[in-house]
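Peer 1: One structure is given below, represented as structure tokens, and several questions about it will come after.
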Amino acid sequence: MNVEIDIFRPEHARRFAELNREWLEEYNLMESSEEEQLADPQAHFLDCGGQIFVALHDDNVIGTCAVVPHGVEEFELAKLTVSSEFRGQGIARRLVERCIAYARERDARRVILVSNSQLHVALGLYESLGFKFCAVPEATKYVHADVYMVLDLDIAEPAV
């Protein structure tokens, strides 16, 4: 199966929202800040110097992952999802690796993420890519965030 990782374009916005809404609602993790991000990904991810990468199969968006500046020399990974019928094929890994590469290209020293302990498969993926579990900062913007992970790019090997 041919899957291409590409950058987000305005015509991907509807599918970006659909795919992310699906998993957020499935795990009962939807919050008002999530709704705002899904409604306007341009403002929340791109206009501040971040990027959204999309996985395309036959020109259809089947996965997404965003990376956005977060503090000094730091990027935050967000909105990783792959359509259920395409899971288990390494697409999420490719999306995260592209986000990490984007952060490296911008001289980031670390990539962070917040997540939820229900998301076992995603957490396992992050851990396999070198992310380490840390204490959740008090100032997180997500009510349901009970996991905080950090990838130190100064010591992590570049993704191949």
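Identifiers in this document derive from the order of the structure tokens: chains are assigned A, B, ..., residues are numbered from 1 separately in each chain, and ligands are numbered from 1 in order of occurrence.
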Excluding Val72 (chain A) and residues on its chain fewer than 6 positions from it, collect all residues at most 12 Å away from it, counting only C-alpha atoms, and give them as a short mmCIF file (atom, residue, chain, number, x, y, z; two decimals) with N, CA and C atoms, in the first residue's frame.

Peer 2:
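What follows is the written file part_2.cif:
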data_model
loop_
_atom_site.label_atom_id
_atom_site.label_comp_id
_atom_site.auth_asym_id
_atom_site.auth_seq_id
_atom_site.Cartn_x
_atom_site.Cartn_y
_atom_site.Cartn_z
N ALA A 103 11.20 19.32 13.92
CA ALA A 103 11.72 20.00 15.10
C ALA A 103 13.25 20.10 15.04
N ARG A 106 14.63 22.77 12.90
CA ARG A 106 14.47 24.10 13.49
C ARG A 106 15.28 24.25 14.77
N ASP A 107 16.27 23.38 14.92
CA ASP A 107 17.22 23.43 16.04
C ASP A 107 16.57 23.27 17.41
N ALA A 108 15.48 22.54 17.47
CA ALA A 108 14.87 22.26 18.78
C ALA A 108 15.80 21.34 19.56
N ARG A 109 15.75 21.46 20.86
CA ARG A 109 16.55 20.60 21.74
C ARG A 109 15.71 19.47 22.31
N ARG A 110 14.38 19.63 22.26
CA ARG A 110 13.50 18.58 22.78
C ARG A 110 12.12 18.68 22.14
N VAL A 111 11.45 17.54 22.16
CA VAL A 111 10.06 17.47 21.74
C VAL A 111 9.29 16.93 22.94
N ILE A 112 8.21 17.59 23.27
CA ILE A 112 7.40 17.16 24.42
C ILE A 112 6.02 16.77 23.91
#

Peer 1: Out of chain A, which residues get alpha helix (DSSP H) from DSSP, as a PyMOL selection string?

Peer 2: chain A and resi 13-26+32-39+41+91-105+120-128

Peer 1: How would the residues just chosen look if you wrote them out with C-alpha atoms as a compact mmCIF listing (two decimals), in the first residue's frame?

Peer 2:
# COMPACT_ATOMS: atom_id res chain seq x y z
CA ALA A 13 -8.84 20.68 7.40
CA ARG A 14 -12.16 18.82 7.37
CA ARG A 15 -10.50 15.39 7.48
CA PHE A 16 -7.99 16.58 10.13
CA ALA A 17 -10.94 17.51 12.34
CA GLU A 18 -12.89 14.30 11.61
CA LEU A 19 -10.01 11.94 12.36
CA ASN A 20 -9.02 13.69 15.58
CA ARG A 21 -12.60 14.14 16.77
CA GLU A 22 -13.12 10.39 16.32
CA TRP A 23 -10.42 9.31 18.80
CA LEU A 24 -11.00 12.19 21.22
CA GLU A 25 -14.66 11.27 21.51
CA GLU A 26 -13.96 7.52 21.61
CA SER A 32 -13.03 23.05 24.55
CA SER A 33 -9.38 23.69 23.65
CA GLU A 34 -9.48 20.63 21.39
CA GLU A 35 -12.59 21.95 19.62
CA GLU A 36 -10.82 25.27 19.00
CA GLN A 37 -7.78 23.51 17.52
CA LEU A 38 -9.89 21.31 15.27
CA ALA A 39 -11.96 24.26 14.09
CA PRO A 41 -5.74 24.27 12.65
CA ILE A 91 1.93 5.08 9.53
CA ALA A 92 1.79 6.71 12.97
CA ARG A 93 5.51 6.05 13.42
CA ARG A 94 6.27 7.70 10.08
CA LEU A 95 4.16 10.74 11.05
CA VAL A 96 5.88 11.14 14.43
CA GLU A 97 9.31 10.67 12.87
CA ARG A 98 8.53 13.43 10.35
CA CYS A 99 7.46 15.74 13.19
CA ILE A 100 10.68 15.00 15.07
CA ALA A 101 12.68 15.74 11.91
CA TYR A 102 10.80 19.04 11.53
CA ALA A 103 11.72 20.00 15.10
CA ARG A 104 15.38 19.03 14.52
CA GLU A 105 15.45 21.13 11.32
CA HIS A 120 -1.62 2.56 25.42
CA VAL A 121 -0.66 2.02 21.77
CA ALA A 122 0.37 5.66 21.25
CA LEU A 123 2.34 5.72 24.49
CA GLY A 124 4.17 2.56 23.44
CA LEU A 125 5.02 4.16 20.10
CA TYR A 126 6.37 7.29 21.78
CA GLU A 127 8.44 5.22 24.18
CA SER A 128 9.88 3.15 21.30

Peer 1: Which of these residues is nearest to Lys132 (chain A), using only C-alpha atoms: A:Ala145, A:Leu119, A:Val114, A:Ile7?

Peer 2: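 The closest residue to Lys132 (chain A) is A:Val114.
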
Peer 1: Give me the residues near Val67 (chain A) as a list in words, where near means some atom within 6 Å (using only C-alpha atoms) and where sequence neighbours in that chain fewer than 4 positions away do not count.

Peer 2: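 The residues that qualify are Gly50, Gln51, Glu76, Leu77 and Cys99 of chain A.
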
Peer 1: What's around region 56-58 of chain A at 7 Å? Count only C-alpha atoms, leave out sequence neighbours fewer than 5 positions away in its own chain, and write the answer as a list in words.

Peer 2: Asn2, Val3, Glu4 and Ile5 of chain A

Peer 1: May I have the residues from that selection written out with all heavy atoms, as a PDB file, in the first residue's frame?

Peer 2:
ATOM      1  N   ASN A   2       0.560   2.184  -0.851  1.00  0.00           N
ATOM      2  CA  ASN A   2       1.335   3.409  -0.974  1.00  0.00           C
ATOM      3  C   ASN A   2       0.740   4.503  -0.092  1.00  0.00           C
ATOM      4  O   ASN A   2      -0.400   4.913  -0.299  1.00  0.00           O
ATOM      5  CB  ASN A   2       1.362   3.858  -2.442  1.00  0.00           C
ATOM      6  CG  ASN A   2       2.260   5.049  -2.653  1.00  0.00           C
ATOM      7  OD1 ASN A   2       3.213   5.258  -1.912  1.00  0.00           O
ATOM      8  ND2 ASN A   2       1.953   5.839  -3.661  1.00  0.00           N
ATOM      9  N   VAL A   3       1.519   4.939   0.900  1.00  0.00           N
ATOM     10  CA  VAL A   3       1.107   6.031   1.786  1.00  0.00           C
ATOM     11  C   VAL A   3       2.197   7.088   1.753  1.00  0.00           C
ATOM     12  O   VAL A   3       3.372   6.791   1.982  1.00  0.00           O
ATOM     13  CB  VAL A   3       0.888   5.533   3.238  1.00  0.00           C
ATOM     14  CG1 VAL A   3       0.598   6.699   4.163  1.00  0.00           C
ATOM     15  CG2 VAL A   3      -0.245   4.522   3.281  1.00  0.00           C
ATOM     16  N   GLU A   4       1.801   8.302   1.455  1.00  0.00           N
ATOM     17  CA  GLU A   4       2.731   9.427   1.363  1.00  0.00           C
ATOM     18  C   GLU A   4       2.529  10.336   2.575  1.00  0.00           C
ATOM     19  O   GLU A   4       1.402  10.598   2.985  1.00  0.00           O
ATOM     20  CB  GLU A   4       2.427  10.206   0.077  1.00  0.00           C
ATOM     21  CG  GLU A   4       3.244  11.453  -0.114  1.00  0.00           C
ATOM     22  CD  GLU A   4       2.767  12.278  -1.309  1.00  0.00           C
ATOM     23  OE1 GLU A   4       1.852  11.849  -2.034  1.00  0.00           O
ATOM     24  OE2 GLU A   4       3.312  13.376  -1.482  1.00  0.00           O
ATOM     25  N   ILE A   5       3.634  10.801   3.153  1.00  0.00           N
ATOM     26  CA  ILE A   5       3.569  11.789   4.225  1.00  0.00           C
ATOM     27  C   ILE A   5       3.792  13.150   3.583  1.00  0.00           C
ATOM     28  O   ILE A   5       4.796  13.375   2.901  1.00  0.00           O
ATOM     29  CB  ILE A   5       4.630  11.529   5.323  1.00  0.00           C
ATOM     30  CG1 ILE A   5       4.527  10.097   5.863  1.00  0.00           C
ATOM     31  CG2 ILE A   5       4.511  12.567   6.434  1.00  0.00           C
ATOM     32  CD1 ILE A   5       3.217   9.729   6.502  1.00  0.00           C
TER      33      ILE A   5
END

Peer 1: CA of Tyr142 (chain A) and CA of Tyr27 (chain A) are how many Å apart?

Peer 2: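 Computed distance, CA of Tyr142 (chain A) to CA of Tyr27 (chain A), equals 14.1 Å.
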
Peer 1: Quick one: residues within 10 Å of Pro137 (chain A), only C-alpha atoms counted, chain neighbours fewer than 2 positions away excluded, as a ChimeraX atom specification?

Peer 2: /A:114,134-135,139-141,145-148

Peer 1: Could you please take those selected residues and save N, CA and C atoms as a compact mmCIF listing (two decimals), in the first residue's frame?

Peer 2:
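Once written, selection_31.txt looks like this:
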# COMPACT_ATOMS: atom_id res chain seq x y z
N VAL A 114 1.85 15.84 25.69
CA VAL A 114 0.95 15.47 26.77
C VAL A 114 -0.04 14.48 26.19
N CYS A 134 7.77 11.74 32.20
CA CYS A 134 8.15 12.75 33.20
C CYS A 134 6.89 13.16 33.97
N ALA A 135 7.09 13.89 35.04
CA ALA A 135 5.95 14.39 35.80
C ALA A 135 5.17 15.39 34.95
N ALA A 139 0.92 23.36 34.74
CA ALA A 139 0.37 24.36 33.82
C ALA A 139 -0.06 23.77 32.48
N THR A 140 -0.40 22.49 32.43
CA THR A 140 -0.85 21.92 31.15
C THR A 140 -2.22 22.47 30.80
N LYS A 141 -2.45 22.65 29.48
CA LYS A 141 -3.71 23.26 29.03
C LYS A 141 -4.83 22.24 28.88
N ALA A 145 -5.05 15.50 30.54
CA ALA A 145 -3.66 15.09 30.36
C ALA A 145 -3.12 14.52 31.67
N ASP A 146 -2.80 13.22 31.66
CA ASP A 146 -2.20 12.61 32.84
C ASP A 146 -0.86 11.94 32.50
N VAL A 147 -0.37 12.21 31.28
CA VAL A 147 0.92 11.70 30.84
C VAL A 147 1.68 12.85 30.20
N TYR A 148 2.96 12.94 30.53
CA TYR A 148 3.85 13.95 29.94
C TYR A 148 5.12 13.21 29.55

Peer 1: Using only C-alpha atoms for the distances, tell me which of A:His144, A:His44, A:Arg87, A:His12 is nearest to Val61 (chain A).

Peer 2: A:His12

Peer 1: Between A:Val54, A:Asn60, A:Val136, A:Leu153, which one has atoms that come closest to Asn116 (chain A), using only C-alpha atoms?

Peer 2: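 Of A:Val54, A:Asn60, A:Val136, A:Leu153, the one nearest Asn116 (chain A), counting only C-alpha atoms, is A:Val136.
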
Peer 1: Taking the DSSP assignment computed from this structure's backbone, write out as a PyMOL selection string all residues of chain A that belong to strand (DSSP E or B).

Peer 2: chain A and resi 4-7+51-57+60-69+74-82+110-115+132-134+147-152

Peer 1: Please report the interatomic distance between CA of Pro10 (chain A) and CA of Glu31 (chain A) in Å with one decimal.

Peer 2: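 One can read the CA of Pro10 (chain A) to CA of Glu31 (chain A) distance as 23.1 Å.
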
Peer 1: Could you work out how far CA of Leu151 (chain A) lies from CA of Ser115 (chain A), giving the answer in Å with one decimal?

Peer 2: 14.0 Å

Peer 1: Counting only C-alpha atoms, which residue out of A:Ser117, A:Phe45, A:Val150, A:Gly63 sits closest to Phe133 (chain A)?

Peer 2: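 Closest to Phe133 (chain A), using only C-alpha atoms: A:Val150.
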